[in-house]
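Chemist: The structure that follows is given in the form of C-alpha cells.
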Amino acid sequence: MSGQILRTVIVACLVAGAPVLARGQAEAPRSPTPAPVSAPVRVQTVAGGLEHPWGLAFLPDGRMLVTERPGRLRIVGRDGRLSEPLAGVPQVLARGQGGLLDVALDPRFADNRLVYLSYAEPGEGGTAGTAVARGRLGEGRLEDVRVIYRQQPKVVGSNHFGSRLVFARDGTLFVTQGDRYDYRDGAQDLSVGFGKIVRINPDGSVPRDNPFVGRAGARPEIWSYGHRNVQGAALHPQTGQLWTAEHGARGGDELNRPEAGKNYGWPVITYGVDYSGARIGEGTAKPGMEQPVYYWDPVIAPSGMTFYTGDAFPDWKGSIFIGSLRPGLLVRLTLADGRVAREERYLADLRERIRDVRQGPDELLYLLTDSRDGRILRVMPAAPR
C-alpha cells in the first residue's frame, strides 16, 4: 500500500470512528456478540438480602465469606443463613463504585486464619484510593487488622477502584486496580498507582523480583500497567499465569494475560470510544503496548472471573467464566492454545447484574447478583448427579 493510500485509509477510519492499527500490528480478536443460549443448568438461591454483594470466598468448612459494598463482611452458613456483620472491617468510602470490594483467604488460612479485603479507603478532603487490609478471622470479628497496601496518591472521585485479589502460586498477592476515571492518563505513569496491577507479599512488602524494583521514578509494587478498571482476575489452572477481565469505555472491554513489566495501553490505545462518542488516544495499537487476548464491542461490563476445573460440568472443564453487569449474564469462554476459540452466554433470563463468579468446593459455580437485594446463586447441572 502506498503512503498516500495508507494516509487516506487512516483518515477515513478516523472519520468513521473505526479502529486504527499501527503499521505491522494485527487487530485483537473481537467477540462475535453471540446471542444468549439456554444452559443445561438449574439455578438455586443460596442466600438473599445482601446489599450490593461484591466478593465471595469459601471457608474450609464450606461456609462462605461475602462482602457487601456499603462496608459489611458476613459469613454465610451452609444453610444459607447470614451472620451479623463482622466487626473489625476497615472504614470504606461507600459512594459510587467505591466500598468494600473483594475478599480472599490466605493460602495458609488453615494455619493462620488470615483474610484479605480490598476496598475504597477514604482520605483527607474527600479523597479515596484502593487499599488492601488483612486480619485474622475470629469469633464474629476480624482481629489484628492492618492495612498492607494503599494506592498512591488518593484523589477525589468515586469511580474505578478495581479491585480483585488473587494469590499466585508463589504466595505473592496480585491486586488489580482502576485508573480512578478522571485520572486515566495516570495509567501510563509509573510513579502513581492508577491503572496498575500490583504484586506484593502477604505482609505488604514488595517482592524483590518485581519488574520495576530499583527503577527511578517507578513504584516497585507495580506488575503491569496501562489498565482501565480490572474487576475480574483468576489464575490459569495449568500455567499458573494471571488472566484478567477489564472494563473498557464504550466498546473495548478486554481479556488480558498481564505479564511482568508490560504496558497494556490504556488510554493511549483502546478498542473503545468515550461515552460521548469521542475518540480516545491514538488508535488500537502502538509499538511497545500489548494487545488484549480478546475484546468485546459492545461491552459486557465484566466483573468476577474463574477458570472452571471441576467435574460437575465435564464439557465446561478448562473454560473461563466471567460475570456480566451489562447486559447481565454469565459469559463462558473456551480456550485453545491461549486464545478464545468460542464464546457462549448463559442466564440472560435471570435479568441480573452478575458481580462475581466462583467455583465452590463442591465443583459447582456460585454467582453474586449486584443489587440492593443481592443474592448468592448456585449453578447446578440440570439433572441431579
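In the C-alpha cells, the first chain shown is A, the next is B, and so on; residue numbers restart at 1 for each chain, and ligands run from 1 in the order shown.
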Would you pick out the contacts of segment 132-146 of chain A at 8 Å or less, using only C-alpha atoms, so that residues sharing its chain but fewer than 5 positions from it are not included, and give the list as a ChimeraX atom specification?
Modeler: /A:84-90,112-119
Chemist: Using the selection just defined, write its residues with N, CA and C atoms as an mmCIF file, in the first residue's frame.
Modeler:
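And here's again-v5.cif as it stands now:
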data_model
loop_
_atom_site.group_PDB
_atom_site.id
_atom_site.type_symbol
_atom_site.label_atom_id
_atom_site.label_comp_id
_atom_site.auth_asym_id
_atom_site.auth_seq_id
_atom_site.Cartn_x
_atom_site.Cartn_y
_atom_site.Cartn_z
ATOM 1 N N GLU A 84 -24.480 -11.829 61.423
ATOM 2 C CA GLU A 84 -24.406 -10.386 61.605
ATOM 3 C C GLU A 84 -23.107 -9.885 60.973
ATOM 4 N N PRO A 85 -23.051 -8.623 60.551
ATOM 5 C CA PRO A 85 -21.797 -8.107 60.003
ATOM 6 C C PRO A 85 -20.645 -8.293 60.992
ATOM 7 N N LEU A 86 -19.502 -8.740 60.484
ATOM 8 C CA LEU A 86 -18.341 -8.946 61.343
ATOM 9 C C LEU A 86 -17.760 -7.603 61.768
ATOM 10 N N ALA A 87 -17.341 -7.503 62.996
ATOM 11 C CA ALA A 87 -16.665 -6.305 63.492
ATOM 12 C C ALA A 87 -15.224 -6.300 62.979
ATOM 13 N N GLY A 88 -14.616 -5.121 63.029
ATOM 14 C CA GLY A 88 -13.209 -5.002 62.676
ATOM 15 C C GLY A 88 -12.924 -4.677 61.230
ATOM 16 N N VAL A 89 -13.967 -4.592 60.384
ATOM 17 C CA VAL A 89 -13.765 -4.272 58.971
ATOM 18 C C VAL A 89 -13.357 -2.807 58.851
ATOM 19 N N PRO A 90 -12.350 -2.493 58.043
ATOM 20 C CA PRO A 90 -11.915 -1.095 57.913
ATOM 21 C C PRO A 90 -13.030 -0.190 57.384
ATOM 22 N N ASN A 112 -3.229 -19.889 59.752
ATOM 23 C CA ASN A 112 -3.157 -18.514 60.274
ATOM 24 C C ASN A 112 -4.492 -17.771 60.286
ATOM 25 N N ARG A 113 -5.516 -18.298 59.608
ATOM 26 C CA ARG A 113 -6.862 -17.714 59.567
ATOM 27 C C ARG A 113 -6.861 -16.263 59.073
ATOM 28 N N LEU A 114 -5.949 -15.924 58.166
ATOM 29 C CA LEU A 114 -5.864 -14.567 57.649
ATOM 30 C C LEU A 114 -6.799 -14.370 56.461
ATOM 31 N N VAL A 115 -7.507 -13.239 56.504
ATOM 32 C CA VAL A 115 -8.448 -12.833 55.455
ATOM 33 C C VAL A 115 -7.980 -11.492 54.898
ATOM 34 N N TYR A 116 -8.058 -11.337 53.579
ATOM 35 C CA TYR A 116 -7.628 -10.112 52.907
ATOM 36 C C TYR A 116 -8.840 -9.442 52.271
ATOM 37 N N LEU A 117 -8.919 -8.136 52.419
ATOM 38 C CA LEU A 117 -10.020 -7.347 51.872
ATOM 39 C C LEU A 117 -9.464 -6.213 51.021
ATOM 40 N N SER A 118 -10.054 -5.977 49.857
ATOM 41 C CA SER A 118 -9.757 -4.769 49.099
ATOM 42 C C SER A 118 -10.964 -3.846 49.196
ATOM 43 N N TYR A 119 -10.705 -2.547 49.183
ATOM 44 C CA TYR A 119 -11.784 -1.597 49.421
ATOM 45 C C TYR A 119 -11.351 -0.198 49.016
#
Chemist: Sorted by chain and rising residue number, which residues of segment 17-124 of chain A lie within 9 Å of segment 343-355 of chain A, and what are their closest atom pairs and distances in Å to one decimal, counting only C-alpha atoms, as CSV?
Modeler:
residue,atom,partner,partner_atom,distance
A:Ser31,CA,A:Glu343,CA,7.5
A:Pro32,CA,A:Glu343,CA,8.0
A:Thr33,CA,A:Glu343,CA,8.2
A:Pro34,CA,A:Glu344,CA,6.5
A:Ala35,CA,A:Arg345,CA,6.9
A:Pro36,CA,A:Arg345,CA,4.6
A:Val37,CA,A:Tyr346,CA,5.6
A:Ser38,CA,A:Tyr346,CA,6.1
A:Ala39,CA,A:Tyr346,CA,5.9
A:Val43,CA,A:Leu347,CA,9.0
A:His52,CA,A:Arg355,CA,8.7
A:Pro53,CA,A:Arg355,CA,7.6
A:Trp54,CA,A:Arg355,CA,6.0
A:Gly55,CA,A:Arg355,CA,7.8
Chemist: Given the selection you just returned, output its residues as a file containing N, CA and C atoms, formatted as an mmCIF file, in the first residue's frame.
Modeler:
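So the final result, stored in again_18.cif, reads:
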data_model
loop_
_atom_site.group_PDB
_atom_site.id
_atom_site.type_symbol
_atom_site.label_atom_id
_atom_site.label_comp_id
_atom_site.auth_asym_id
_atom_site.auth_seq_id
_atom_site.Cartn_x
_atom_site.Cartn_y
_atom_site.Cartn_z
ATOM 1 N N SER A 31 -15.074 -10.181 20.090
ATOM 2 C CA SER A 31 -16.213 -11.047 20.387
ATOM 3 C C SER A 31 -17.257 -10.934 19.283
ATOM 4 N N PRO A 32 -17.796 -12.072 18.858
ATOM 5 C CA PRO A 32 -18.873 -12.019 17.861
ATOM 6 C C PRO A 32 -20.230 -11.636 18.447
ATOM 7 N N THR A 33 -20.260 -11.347 19.748
ATOM 8 C CA THR A 33 -21.505 -10.990 20.450
ATOM 9 C C THR A 33 -22.577 -12.055 20.218
ATOM 10 N N PRO A 34 -22.309 -13.287 20.645
ATOM 11 C CA PRO A 34 -23.299 -14.340 20.410
ATOM 12 C C PRO A 34 -24.572 -14.108 21.208
ATOM 13 N N ALA A 35 -25.685 -14.539 20.662
ATOM 14 C CA ALA A 35 -26.953 -14.437 21.377
ATOM 15 C C ALA A 35 -26.951 -15.387 22.566
ATOM 16 N N PRO A 36 -27.570 -15.011 23.680
ATOM 17 C CA PRO A 36 -27.635 -15.922 24.835
ATOM 18 C C PRO A 36 -28.348 -17.220 24.465
ATOM 19 N N VAL A 37 -27.874 -18.304 25.084
ATOM 20 C CA VAL A 37 -28.479 -19.613 24.866
ATOM 21 C C VAL A 37 -28.850 -20.218 26.219
ATOM 22 N N SER A 38 -29.689 -21.230 26.183
ATOM 23 C CA SER A 38 -30.055 -21.931 27.412
ATOM 24 C C SER A 38 -28.909 -22.839 27.828
ATOM 25 N N ALA A 39 -28.601 -22.827 29.106
ATOM 26 C CA ALA A 39 -27.556 -23.684 29.637
ATOM 27 C C ALA A 39 -28.189 -24.905 30.297
ATOM 28 N N VAL A 43 -30.603 -23.208 38.612
ATOM 29 C CA VAL A 43 -30.065 -22.121 39.434
ATOM 30 C C VAL A 43 -30.853 -22.052 40.725
ATOM 31 N N HIS A 52 -25.808 -5.081 47.510
ATOM 32 C CA HIS A 52 -24.710 -4.975 46.543
ATOM 33 C C HIS A 52 -23.518 -5.847 46.950
ATOM 34 N N PRO A 53 -23.718 -7.175 47.018
ATOM 35 C CA PRO A 53 -22.578 -8.050 47.317
ATOM 36 C C PRO A 53 -21.521 -7.950 46.221
ATOM 37 N N TRP A 54 -20.258 -8.069 46.621
ATOM 38 C CA TRP A 54 -19.176 -7.797 45.671
ATOM 39 C C TRP A 54 -18.203 -8.961 45.517
ATOM 40 N N GLY A 55 -17.775 -9.551 46.627
ATOM 41 C CA GLY A 55 -16.778 -10.614 46.560
ATOM 42 C C GLY A 55 -17.167 -11.789 47.432
#
Chemist: I'd like the interatomic distance between atom CA of Asp102 of chain A and atom CA of Ser158 of chain A, to a tenth of an Å.
Modeler: 16.6 Å
Chemist: Leaving out Glu51 of chain A and any residue of its chain fewer than 2 positions from it, which residues lie within 7 Å of it when counting only C-alpha atoms, given as JSON, numbers by chain?
Modeler: {"A": [49, 53, 68, 371, 372, 373, 374]}
Chemist: One number please: atom CA of Ala216 of chain A to atom CA of Glu290 of chain A, in Å, one decimal.
Modeler: 23.0 Å
Chemist: Smallest atom-to-atom distance to Ser83 of chain A: which of A:Thr127, A:Ser324, A:Thr67, A:Ser224, using only C-alpha atoms?
Modeler: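 That would be A:Thr67, the residue with the smallest distance to Ser83 of chain A.
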Chemist: Please provide as an MDAnalysis selection string all residues within 9 Å of Gln97 of chain A, with the sequence filter that same-chain residues fewer than 6 positions apart are discarded (counting only C-alpha atoms).
Modeler: chainID A and resid 69 120 158:162
Chemist: Go ahead and write the selection's residues with N, CA, C and O atoms as a compact mmCIF listing (two decimals), in the first residue's frame.
Modeler:
# COMPACT_ATOMS: atom_id res chain seq x y z
N ARG A 69 -20.94 -4.01 49.41
CA ARG A 69 -20.25 -2.77 49.07
C ARG A 69 -20.39 -1.67 50.13
O ARG A 69 -19.43 -0.90 50.34
N ALA A 120 -12.34 0.70 48.91
CA ALA A 120 -12.07 2.11 48.68
C ALA A 120 -11.85 2.76 50.04
O ALA A 120 -12.78 2.87 50.84
N SER A 158 -15.30 8.87 42.90
CA SER A 158 -15.90 7.65 43.44
C SER A 158 -16.00 6.53 42.41
O SER A 158 -16.79 5.62 42.56
N ASN A 159 -15.16 6.58 41.38
CA ASN A 159 -15.21 5.57 40.32
C ASN A 159 -13.87 4.88 40.11
O ASN A 159 -12.81 5.42 40.44
N HIS A 160 -13.94 3.68 39.55
CA HIS A 160 -12.79 2.92 39.04
C HIS A 160 -11.75 2.62 40.12
O HIS A 160 -10.58 3.00 40.02
N PHE A 161 -12.16 1.87 41.11
CA PHE A 161 -11.24 1.39 42.15
C PHE A 161 -10.70 -0.02 41.83
O PHE A 161 -9.82 -0.51 42.51
N GLY A 162 -11.19 -0.72 40.83
CA GLY A 162 -10.92 -2.14 40.66
C GLY A 162 -11.98 -2.90 41.46
O GLY A 162 -13.13 -2.49 41.44
Chemist: I want to know what sits within 10 Å of Phe167 of chain A, based on only C-alpha atoms, with residues of the same chain fewer than 2 positions away left out; could you give that as a PyMOL selection string?
Modeler: chain A and resi 104-107+165+169-175+199-202+234-235+242
Chemist: Based on DSSP run over this structure's backbone, return all residues of segment 124-240 of chain A in strand (DSSP E or B), as a PyMOL selection string.
Modeler: chain A and resi 127-137+141-150+155-156+165-167+173-176+178+196-200+222-225+229-235
Chemist: Just to confirm, what's the straight-line distance from atom CA of Gly214 of chain A to atom CA of Lys196 of chain A in Å (one decimal)?
Modeler: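 According to the coordinates, atom CA of Gly214 of chain A and atom CA of Lys196 of chain A are separated by 17.6 Å.
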